[in-house]
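Trainee: Just so it is clear, I am handing over query_3.pdb, which has PDB, C-alpha atoms.
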ATOM      1  CA  MET O   5       0.000   0.000   0.000
ATOM      2  CA  VAL O   6       1.384   3.375  -0.998
ATOM      3  CA  ALA O   7       1.160   6.050   1.663
ATOM      4  CA  GLN O   8      -0.768   9.127   0.530
ATOM      5  CA  ARG O   9       0.926  12.428   1.206
ATOM      6  CA  THR O  10      -1.383  15.148   2.325
ATOM      7  CA  VAL O  11      -1.063  18.771   1.323
ATOM      8  CA  GLY O  12      -0.393  21.549   3.788
ATOM      9  CA  ILE O  13       2.318  22.581   6.176
ATOM     10  CA  PRO O  14       2.991  19.804   8.688
ATOM     11  CA  GLN O  15       2.428  20.917  12.236
ATOM     12  CA  ALA O  16       6.080  20.400  13.062
ATOM     13  CA  VAL O  17       7.047  22.863  10.313
ATOM     14  CA  THR O  18       6.683  26.568  10.862
ATOM     15  CA  ALA O  19       4.927  28.865   8.416
ATOM     16  CA  PHE O  20       6.783  29.850   5.247
ATOM     17  CA  SER O  21       6.868  33.472   6.354
ATOM     18  CA  ASP O  22       8.585  32.448   9.582
ATOM     19  CA  LEU O  23      11.662  31.747   7.465
ATOM     20  CA  LEU O  24      12.225  35.504   7.365
ATOM     21  CA  ALA O  25      11.504  36.292  11.010
ATOM     22  CA  GLN O  26      14.092  38.449  12.742
ATOM     23  CA  GLN O  27      16.659  36.412  14.639
ATOM     24  CA  PRO O  28      18.947  37.936  17.261
ATOM     25  CA  GLY O  29      22.544  38.083  16.068
ATOM     26  CA  ARG O  30      21.719  37.267  12.443
ATOM     27  CA  SER O  31      21.658  39.800   9.628
ATOM     28  CA  VAL O  32      18.821  40.229   7.148
ATOM     29  CA  GLY O  33      21.035  38.839   4.396
ATOM     30  CA  GLU O  34      21.937  35.736   6.389
ATOM     31  CA  ILE O  35      18.282  35.058   7.126
ATOM     32  CA  GLN O  36      17.304  35.578   3.475
ATOM     33  CA  ALA O  37      20.092  33.290   2.218
ATOM     34  CA  ASP O  38      18.992  30.645   4.693
ATOM     35  CA  ALA O  39      15.372  30.992   3.528
ATOM     36  CA  ALA O  40      16.456  30.376  -0.090
ATOM     37  CA  GLN O  41      18.167  27.162   0.969
ATOM     38  CA  LYS O  42      15.196  25.881   2.956
ATOM     39  CA  LEU O  43      12.193  26.892   0.867
ATOM     40  CA  GLY O  44      12.296  24.049  -1.675
ATOM     41  CA  ALA O  45      12.411  21.352   0.979
ATOM     42  CA  MET O  46       9.689  23.096   2.926
ATOM     43  CA  LEU O  47       7.426  23.190  -0.135
ATOM     44  CA  ARG O  48       7.962  19.470  -0.671
ATOM     45  CA  SER O  49       7.332  18.790   2.986
ATOM     46  CA  ALA O  50       4.058  20.676   2.663
ATOM     47  CA  GLY O  51       3.065  18.594  -0.381
ATOM     48  CA  ILE O  52       3.071  21.597  -2.716
ATOM     49  CA  PRO O  53       4.414  20.675  -6.149
ATOM     50  CA  VAL O  54       7.746  22.326  -6.890
ATOM     51  CA  ARG O  55       8.293  23.638 -10.397
ATOM     52  CA  GLU O  56      11.587  22.435 -11.860
ATOM     53  CA  PRO O  57      13.452  24.268 -14.663
ATOM     54  CA  ASP O  58      12.536  23.049 -18.150
ATOM     55  CA  GLY O  59       9.689  21.029 -16.694
ATOM     56  CA  ARG O  60       6.868  20.000 -18.986
ATOM     57  CA  ILE O  61       3.679  22.066 -19.068
ATOM     58  CA  PRO O  62       0.611  19.784 -19.145
ATOM     59  CA  LEU O  63      -0.975  19.821 -22.605
ATOM     60  CA  GLN O  64      -4.482  19.415 -21.235
ATOM     61  CA  GLY O  65      -6.324  21.565 -18.759
ATOM     62  CA  ARG O  66      -5.333  24.654 -16.824
ATOM     63  CA  HIS O  67      -1.994  24.771 -15.053
ATOM     64  CA  LEU O  68      -0.638  27.508 -12.814
ATOM     65  CA  ILE O  69       2.989  28.261 -11.935
ATOM     66  CA  LEU O  70       3.705  30.642  -9.069
ATOM     67  CA  GLY O  71       7.153  32.165  -8.737
ATOM     68  CA  VAL O  72       7.956  33.653  -5.363
ATOM     69  CA  ALA O  73      11.038  35.339  -3.966
ATOM     70  CA  SER O  74      12.270  33.700  -0.789
ATOM     71  CA  PHE O  75      13.542  37.078   0.417
ATOM     72  CA  SER O  76      10.046  38.574   0.294
ATOM     73  CA  THR O  77       7.868  38.378   3.382
ATOM     74  CA  VAL O  78       4.713  39.208   1.439
ATOM     75  CA  ASP O  79       5.451  36.425  -1.055
ATOM     76  CA  LEU O  80       5.918  33.892   1.722
ATOM     77  CA  GLN O  81       2.729  35.090   3.408
ATOM     78  CA  LEU O  82       0.900  34.343   0.155
ATOM     79  CA  LEU O  83       2.475  30.874   0.199
ATOM     80  CA  ASP O  84       1.150  30.418   3.733
ATOM     81  CA  GLU O  85      -2.330  31.254   2.465
ATOM     82  CA  LEU O  86      -1.947  28.840  -0.440
ATOM     83  CA  ALA O  87      -0.706  26.015   1.785
ATOM     84  CA  GLN O  88      -3.607  26.534   4.162
ATOM     85  CA  ALA O  89      -6.133  26.599   1.317
ATOM     86  CA  LEU O  90      -4.674  23.472  -0.295
ATOM     87  CA  ASP O  91      -4.633  21.621   2.985
ATOM     88  CA  GLY O  92      -5.716  18.068   2.211
ATOM     89  CA  SER O  93      -6.674  18.742  -1.404
ATOM     90  CA  ARG O  94      -4.352  16.793  -3.665
ATOM     91  CA  ALA O  95      -6.541  17.542  -6.684
ATOM     92  CA  ASP O  96      -6.122  21.304  -6.263
ATOM     93  CA  ALA O  97      -2.429  20.914  -5.479
ATOM     94  CA  GLN O  98      -1.849  19.212  -8.830
ATOM     95  CA  ARG O  99      -3.090  22.321 -10.668
ATOM     96  CA  VAL O 100      -0.352  24.562  -9.334
ATOM     97  CA  ALA O 101       3.414  24.419  -8.975
ATOM     98  CA  VAL O 102       5.654  26.818  -7.084
ATOM     99  CA  PHE O 103       9.298  27.811  -7.408
ATOM    100  CA  ASP O 104      11.703  30.242  -5.785
ATOM    101  CA  LEU O 105      13.023  32.931  -8.108
ATOM    102  CA  GLN O 106      16.165  32.959  -5.988
ATOM    103  CA  GLN O 107      17.120  29.721  -7.709
ATOM    104  CA  CYS O 108      17.557  31.798 -10.895
ATOM    105  CA  ARG O 109      20.764  33.633 -11.733
ATOM    106  CA  ASP O 110      19.236  35.791 -14.457
ATOM    107  CA  GLN O 111      16.173  36.260 -16.671
ATOM    108  CA  HIS O 112      17.265  33.363 -18.890
ATOM    109  CA  ASP O 113      17.038  31.092 -15.877
ATOM    110  CA  VAL O 114      13.607  32.504 -15.046
ATOM    111  CA  ALA O 115      12.429  31.610 -18.561
ATOM    112  CA  ARG O 116      13.286  27.961 -17.877
ATOM    113  CA  TYR O 117      10.669  27.987 -15.129
ATOM    114  CA  LEU O 118       8.162  30.194 -16.975
ATOM    115  CA  PRO O 119       8.339  29.271 -20.655
ATOM    116  CA  GLY O 120       6.407  30.570 -23.612
ATOM    117  CA  ALA O 121       7.342  34.207 -24.310
ATOM    118  CA  PHE O 122       6.758  35.079 -20.710
ATOM    119  CA  GLY O 123       9.032  38.137 -20.813
ATOM    120  CA  PRO O 124      11.182  39.654 -18.069
ATOM    121  CA  VAL O 125      10.097  39.320 -14.462
ATOM    122  CA  TRP O 126      10.602  42.551 -12.503
ATOM    123  CA  ASN O 127       8.291  42.027  -9.556
ATOM    124  CA  THR O 128       7.197  39.196  -7.345
ATOM    125  CA  PRO O 129       5.279  37.077  -6.910
ATOM    126  CA  VAL O 130       4.583  36.219 -10.526
ATOM    127  CA  LEU O 131       1.882  33.857 -11.692
ATOM    128  CA  GLY O 132       1.611  32.217 -15.083
ATOM    129  CA  ILE O 133      -1.506  30.435 -16.301
ATOM    130  CA  TRP O 134      -1.332  27.865 -19.082
ATOM    131  CA  ASP O 135      -4.402  26.532 -20.854
ATOM    132  CA  ASN O 136      -3.880  23.277 -22.751
ATOM    133  CA  GLY O 137      -0.156  23.886 -22.820
ATOM    134  CA  SER O 138      -0.233  27.508 -24.023
ATOM    135  CA  LEU O 139       0.528  30.555 -21.911
ATOM    136  CA  ALA O 140      -2.821  32.291 -21.413
ATOM    137  CA  ARG O 141      -2.124  34.931 -18.826
ATOM    138  CA  ARG O 142       0.497  36.413 -16.556
ATOM    139  CA  ILE O 143      -0.005  38.299 -13.304
ATOM    140  CA  ASP O 144       2.632  40.241 -11.346
ATOM    141  CA  GLY O 145       2.515  41.413  -7.746
ATOM    142  CA  VAL O 146       0.967  40.018  -4.616
ATOM    143  CA  ALA O 147      -2.447  41.662  -4.959
ATOM    144  CA  GLY O 148      -3.038  40.403  -8.491
ATOM    145  CA  CYS O 149      -1.708  36.931  -7.735
ATOM    146  CA  ARG O 150      -3.894  36.612  -4.652
ATOM    147  CA  GLN O 151      -6.954  37.704  -6.632
ATOM    148  CA  MET O 152      -6.242  35.241  -9.435
ATOM    149  CA  LEU O 153      -5.615  32.343  -7.040
ATOM    150  CA  GLN O 154      -8.936  33.177  -5.412
ATOM    151  CA  GLN O 155     -10.675  33.199  -8.801
ATOM    152  CA  GLU O 156      -9.144  29.819  -9.525
ATOM    153  CA  GLY O 157     -10.494  28.489  -6.258
ATOM    154  CA  LEU O 158      -7.020  27.921  -4.869
ATOM    155  CA  LEU O 159      -7.335  30.438  -2.005
TER
ATOM    156  CA  MET D  44      12.787  70.788   8.961
ATOM    157  CA  SER D  45      11.123  67.426   8.312
ATOM    158  CA  ASP D  46      12.967  64.117   8.473
ATOM    159  CA  PHE D  47      14.629  62.870   5.317
ATOM    160  CA  ARG D  48      13.347  59.356   4.653
ATOM    161  CA  VAL D  49      14.684  57.036   1.986
ATOM    162  CA  TYR D  50      12.716  54.015   0.791
ATOM    163  CA  LEU D  51      15.050  51.582  -0.956
ATOM    164  CA  GLY D  52      13.037  49.676  -3.544
ATOM    165  CA  GLY D  53      10.133  52.018  -2.841
ATOM    166  CA  GLU D  54       7.254  52.649  -5.228
ATOM    167  CA  GLY D  55       5.590  55.526  -3.437
ATOM    168  CA  GLU D  56       4.096  53.538  -0.561
ATOM    169  CA  VAL D  57       5.422  56.156   1.873
ATOM    170  CA  SER D  58       4.216  59.545   0.738
ATOM    171  CA  ASP D  59       7.091  61.752   1.887
ATOM    172  CA  ALA D  60       9.984  59.360   1.193
ATOM    173  CA  LEU D  61      12.533  59.401  -1.589
ATOM    174  CA  ASN D  62      12.036  56.157  -3.548
ATOM    175  CA  GLN D  63      15.167  54.402  -4.808
ATOM    176  CA  GLN D  64      15.076  52.004  -7.744
ATOM    177  CA  PRO D  65      17.903  50.424  -9.744
ATOM    178  CA  ALA D  66      18.379  51.165 -13.439
ATOM    179  CA  TRP D  67      16.095  48.320 -14.489
ATOM    180  CA  ALA D  68      13.145  50.526 -13.536
ATOM    181  CA  VAL D  69      13.623  52.361 -16.847
ATOM    182  CA  GLU D  70      13.076  49.172 -18.847
ATOM    183  CA  PRO D  71       9.943  49.511 -21.010
ATOM    184  CA  THR D  72       8.241  46.484 -19.444
ATOM    185  CA  TRP D  73       8.984  47.462 -15.826
ATOM    186  CA  ARG D  74       5.911  48.288 -13.728
ATOM    187  CA  THR D  75       5.309  48.929 -10.057
ATOM    188  CA  SER D  76       4.329  45.819  -8.137
ATOM    189  CA  GLN D  77       1.486  47.618  -6.375
ATOM    190  CA  PRO D  78      -1.722  48.364  -8.277
ATOM    191  CA  PRO D  79      -2.209  50.368 -10.363
ATOM    192  CA  ALA D  80       0.837  48.995 -12.176
ATOM    193  CA  ARG D  81       2.670  52.091 -13.438
ATOM    194  CA  ASP D  82       5.831  52.573 -15.426
ATOM    195  CA  LEU D  83       8.519  54.927 -14.214
ATOM    196  CA  ALA D  84       7.318  57.908 -16.244
ATOM    197  CA  GLU D  85       3.811  57.507 -14.821
ATOM    198  CA  CYS D  86       5.273  57.334 -11.311
ATOM    199  CA  VAL D  87       7.130  60.596 -11.826
ATOM    200  CA  ARG D  88       4.066  62.280 -13.362
ATOM    201  CA  ALA D  89       2.093  61.141 -10.317
ATOM    202  CA  GLY D  90       4.513  63.092  -8.131
ATOM    203  CA  LEU D  91       6.771  60.339  -6.843
ATOM    204  CA  ARG D  92      10.311  61.360  -6.031
ATOM    205  CA  VAL D  93      12.515  58.648  -7.532
ATOM    206  CA  LEU D  94      16.262  58.134  -7.231
ATOM    207  CA  LEU D  95      17.759  55.800  -9.842
ATOM    208  CA  CYS D  96      21.020  54.247  -8.674
ATOM    209  CA  PRO D  97      22.586  50.827  -8.093
ATOM    210  CA  ASN D  98      21.508  48.912  -4.994
ATOM    211  CA  ASP D  99      25.110  48.716  -3.848
ATOM    212  CA  ASP D 100      26.061  52.311  -4.652
ATOM    213  CA  ILE D 101      23.316  54.562  -3.340
ATOM    214  CA  ALA D 102      23.721  58.019  -4.861
ATOM    215  CA  LEU D 103      23.338  59.919  -1.596
ATOM    216  CA  PRO D 104      25.945  61.512   0.672
ATOM    217  CA  ASP D 105      27.136  60.046   3.954
ATOM    218  CA  GLU D 106      24.889  60.478   6.996
ATOM    219  CA  CYS D 107      22.043  62.292   5.222
ATOM    220  CA  ALA D 108      19.021  60.106   6.059
ATOM    221  CA  ASP D 109      16.997  60.098   9.248
ATOM    222  CA  GLU D 110      15.314  56.853   8.261
ATOM    223  CA  VAL D 111      15.874  54.166   5.670
ATOM    224  CA  MET D 112      13.104  51.690   4.852
ATOM    225  CA  THR D 113      13.258  48.354   3.058
ATOM    226  CA  ASN D 114      10.414  45.909   2.564
ATOM    227  CA  SER D 115      10.563  42.469   0.946
ATOM    228  CA  VAL D 116      13.760  43.267  -0.956
ATOM    229  CA  PRO D 117      17.014  41.290  -1.003
ATOM    230  CA  VAL D 118      19.689  42.637   1.324
ATOM    231  CA  ASP D 119      23.365  41.691   0.887
ATOM    232  CA  ILE D 120      22.409  38.869  -1.483
ATOM    233  CA  SER D 121      22.103  38.763  -5.258
ATOM    234  CA  MET D 122      19.025  37.902  -7.267
ATOM    235  CA  TRP D 123      18.117  37.265 -10.885
ATOM    236  CA  LEU D 124      17.997  41.006 -11.563
ATOM    237  CA  GLY D 125      21.404  41.767 -10.066
ATOM    238  CA  VAL D 126      22.764  42.736  -6.690
ATOM    239  CA  GLY D 127      20.453  43.369  -3.777
ATOM    240  CA  ILE D 128      20.446  46.303  -1.390
ATOM    241  CA  SER D 129      23.720  46.777   0.472
ATOM    242  CA  SER D 130      23.375  47.059   4.239
ATOM    243  CA  GLY D 131      26.742  48.836   4.213
ATOM    244  CA  GLU D 132      25.223  51.542   2.033
ATOM    245  CA  ILE D 133      22.232  51.826   4.354
ATOM    246  CA  LYS D 134      24.544  52.350   7.327
ATOM    247  CA  ARG D 135      26.625  54.842   5.367
ATOM    248  CA  ILE D 136      23.733  57.122   4.440
ATOM    249  CA  LEU D 137      22.071  57.017   7.870
ATOM    250  CA  LYS D 138      22.618  59.947  10.193
ATOM    251  CA  ARG D 139      23.872  59.189  13.683
ATOM    252  CA  GLY D 140      20.803  58.113  15.598
ATOM    253  CA  GLY D 141      19.028  57.299  12.341
ATOM    254  CA  ALA D 142      17.052  54.089  11.963
ATOM    255  CA  TRP D 143      16.788  51.319   9.352
ATOM    256  CA  TRP D 144      13.348  49.723   9.258
ATOM    257  CA  HIS D 145      13.071  46.391   7.475
ATOM    258  CA  ASN D 146       9.589  44.954   6.929
ATOM    259  CA  GLY D 147       8.303  47.478   9.460
ATOM    260  CA  ARG D 148      10.675  46.394  12.225
ATOM    261  CA  LEU D 149      13.700  48.220  13.530
ATOM    262  CA  GLU D 150      16.752  46.471  12.082
ATOM    263  CA  PHE D 151      19.491  48.926  12.979
ATOM    264  CA  ARG D 152      19.984  52.265  14.678
ATOM    265  CA  LYS D 153      23.207  54.067  13.947
ATOM    266  CA  PRO D 154      25.162  54.894  17.110
TER
END
How does this structure look as structure tokens?
Mentor:
Amino acid sequence: MVAQRTVGIPQAVTAFSDLLAQQPGRSVGEIQADAAQKLGAMLRSAGIPVREPDGRIPLQGRHLILGVASFSTVDLQLLDELAQALDGSRADAQRVAVFDLQQCRDQHDVARYLPGAFGPVWNTPVLGIWDNGSLARRIDGVAGCRQMLQQEGLL
Amino acid sequence: MSDFRVYLGGEGEVSDALNQQPAWAVEPTWRTSQPPARDLAECVRAGLRVLLCPNDDIALPDECADEVMTNSVPVDISMWLGVGISSGEIKRILKRGGAWWHNGRLEFRKP
């Protein structure tokens, strides 16, 4: 029997936004660098699909890719909302994948996560929506991404 | 005389602050992250005071700022767009007794 992973932040794991909480004796940069190292594993632990560079976009149905910056508190707060909303819903979790823009060295790297004439990413978070394998829409900024995730029933 | 406040990475969220952005803000596809999404020219026409300079070479003199603010921007780390904000530059431009607020919390006060 294969164990089913549930979606959501395990109780033993703190919230995504806690990665950037002030810590006595540690600089902002040290905390942000640490957050970039930990975010991928934390996403996997929470059962949220992680977008890999050059990954395939499903050719059927609607697929969302959310790029966040692990140095951004507001981005990680949005991830907290997403993890809470996806809690227990594997079907919803399969419609979205998340990656950390801090894994990218430049815009060329970003394009490997967000293919299809996506264009430069200046602000975060950034959300791409693919319909039947084609890029249908792009949203930048936390307010627009939150609104679109709500419209998609993912928040 | 009112305090001189500098918002590094700012887009006009703080009405009386000088907003710093790196050179990529002049790119034709750049827009503010806060709605309404505006390009740099629209920001300036709307009355925003904007300083364009590198994140690690802030074009302000030593000890000129009463407060420096940063929110959800990289500090002392690089990102896909280039170098992040330099904490050394923040400390350089702060007046003695001046404060650096990061994500709304006091990060540093210059002795």
Trainee: Please list as JSON, numbers by chain every residue within 8 Å of Arg66 (chain O), counting all atoms listed in the file and excluding residues in the same chain fewer than 2 positions away.
Mentor: {"O": [64, 68, 99, 133, 134, 135, 136, 137]}
Trainee: Using the selection just defined, write its residues with C-alpha atoms as a PDB file, in the frame of the given file.
Mentor:
ATOM      1  CA  GLN O  64      -4.482  19.415 -21.235  1.00  0.00           C
ATOM      2  CA  LEU O  68      -0.638  27.508 -12.814  1.00  0.00           C
ATOM      3  CA  ARG O  99      -3.090  22.321 -10.668  1.00  0.00           C
ATOM      4  CA  ILE O 133      -1.506  30.435 -16.301  1.00  0.00           C
ATOM      5  CA  TRP O 134      -1.332  27.865 -19.082  1.00  0.00           C
ATOM      6  CA  ASP O 135      -4.402  26.532 -20.854  1.00  0.00           C
ATOM      7  CA  ASN O 136      -3.880  23.277 -22.751  1.00  0.00           C
ATOM      8  CA  GLY O 137      -0.156  23.886 -22.820  1.00  0.00           C
TER       9      GLY O 137
END
Trainee: Kindly determine which residues of chain O lie within 7 Å of chain D, considering only C-alpha atoms, and give the answer as a ChimeraX atom specification.
Mentor: /O:32-33,75-78,106,108-111,126-127,144-145
Trainee: Report as a PyMOL selection string the full result of the PyMOL selection byres ((chain D and resi 139) around 6) when it is applied to this structure.
Mentor: chain D and resi 138+140-141+153-154
Trainee: Selected by the PyMOL selection byres ((chain O and resi 112) around 12) in the shown coordinates: which residues, as a PyMOL selection string?
Mentor: (chain O and resi 57-58+105+107-111+113-119+121-125) or (chain D and resi 123-124)
Trainee: Please indicate the distance in Å from CA of Pro129 (chain O) to CA of Ser74 (chain O), rounded to one decimal place.
Mentor: 9.9 Å
Trainee: Find the axis-aligned box for region 79-94 of chain D, covering all its listed atoms and adding 3 Å on each side, and write its centre and edge lengths in Å to one decimal as AutoDock Vina command-line options.
Mentor:
--center_x 7.0 --center_y 56.0 --center_z -11.1 --size_x 24.5 --size_y 20.1 --size_z 16.2
Trainee: I want to know what sits within 6 Å of Leu131 (chain O), based on only C-alpha atoms, with residues of the same chain fewer than 5 positions away left out; could you give that as a list in words?
Mentor: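 Final neighbour list, sorted by chain and number: Ile69, Leu70, Arg142 and Ile143 of chain O.
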Trainee: With all atoms listed in the file as the counted atoms, please give the residues lying no more than 7 Å from region 22-25 of chain O, apart from itself and same-chain residues fewer than 3 positions off, as a compact mmCIF listing (two decimals) with C-alpha atoms, keeping the file's coordinate frame.
Mentor:
# COMPACT_ATOMS: atom_id res chain seq x y z
CA THR O 18 6.68 26.57 10.86
CA ALA O 19 4.93 28.86 8.42
CA ILE O 35 18.28 35.06 7.13
CA GLN O 36 17.30 35.58 3.48
CA ALA O 39 15.37 30.99 3.53
CA THR O 77 7.87 38.38 3.38
Trainee: What lies within 8 Å of region 43-48 of chain O using all atoms listed in the file, ignoring chain neighbours under 6 positions off, as a list in words?
Mentor: Val17, Phe20, Val54, Ser74, Phe103 and Asp104 of chain O
Trainee: Take the selection from the previous step and output its residues with C-alpha atoms, as a PDB file, in the coordinates of the input.
Mentor:
ATOM      1  CA  VAL O  17       7.047  22.863  10.313  1.00  0.00           C
ATOM      2  CA  PHE O  20       6.783  29.850   5.247  1.00  0.00           C
ATOM      3  CA  VAL O  54       7.746  22.326  -6.890  1.00  0.00           C
ATOM      4  CA  SER O  74      12.270  33.700  -0.789  1.00  0.00           C
ATOM      5  CA  PHE O 103       9.298  27.811  -7.408  1.00  0.00           C
ATOM      6  CA  ASP O 104      11.703  30.242  -5.785  1.00  0.00           C
TER       7      ASP O 104
END
Trainee: Would you please work out which residue, of O:Val72, O:Leu90, O:Leu63, O:Leu83, is nearest to Gly51 (chain O) when using all atoms listed in the file?
Mentor: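 For Gly51 (chain O), the nearest of the given residues is O:Leu90.
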Trainee: Between CA of Asp99 (chain D) and CA of Ala60 (chain D), what distance in Å does the model show, to one decimal?
Mentor: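 Taking CA of Asp99 (chain D) as the start and CA of Ala60 (chain D) as the end point, the length is 19.2 Å.
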Trainee: By how many Å are CA of Leu159 (chain O) and CA of Arg141 (chain O) apart?
Mentor: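 The value is 18.2 Å.
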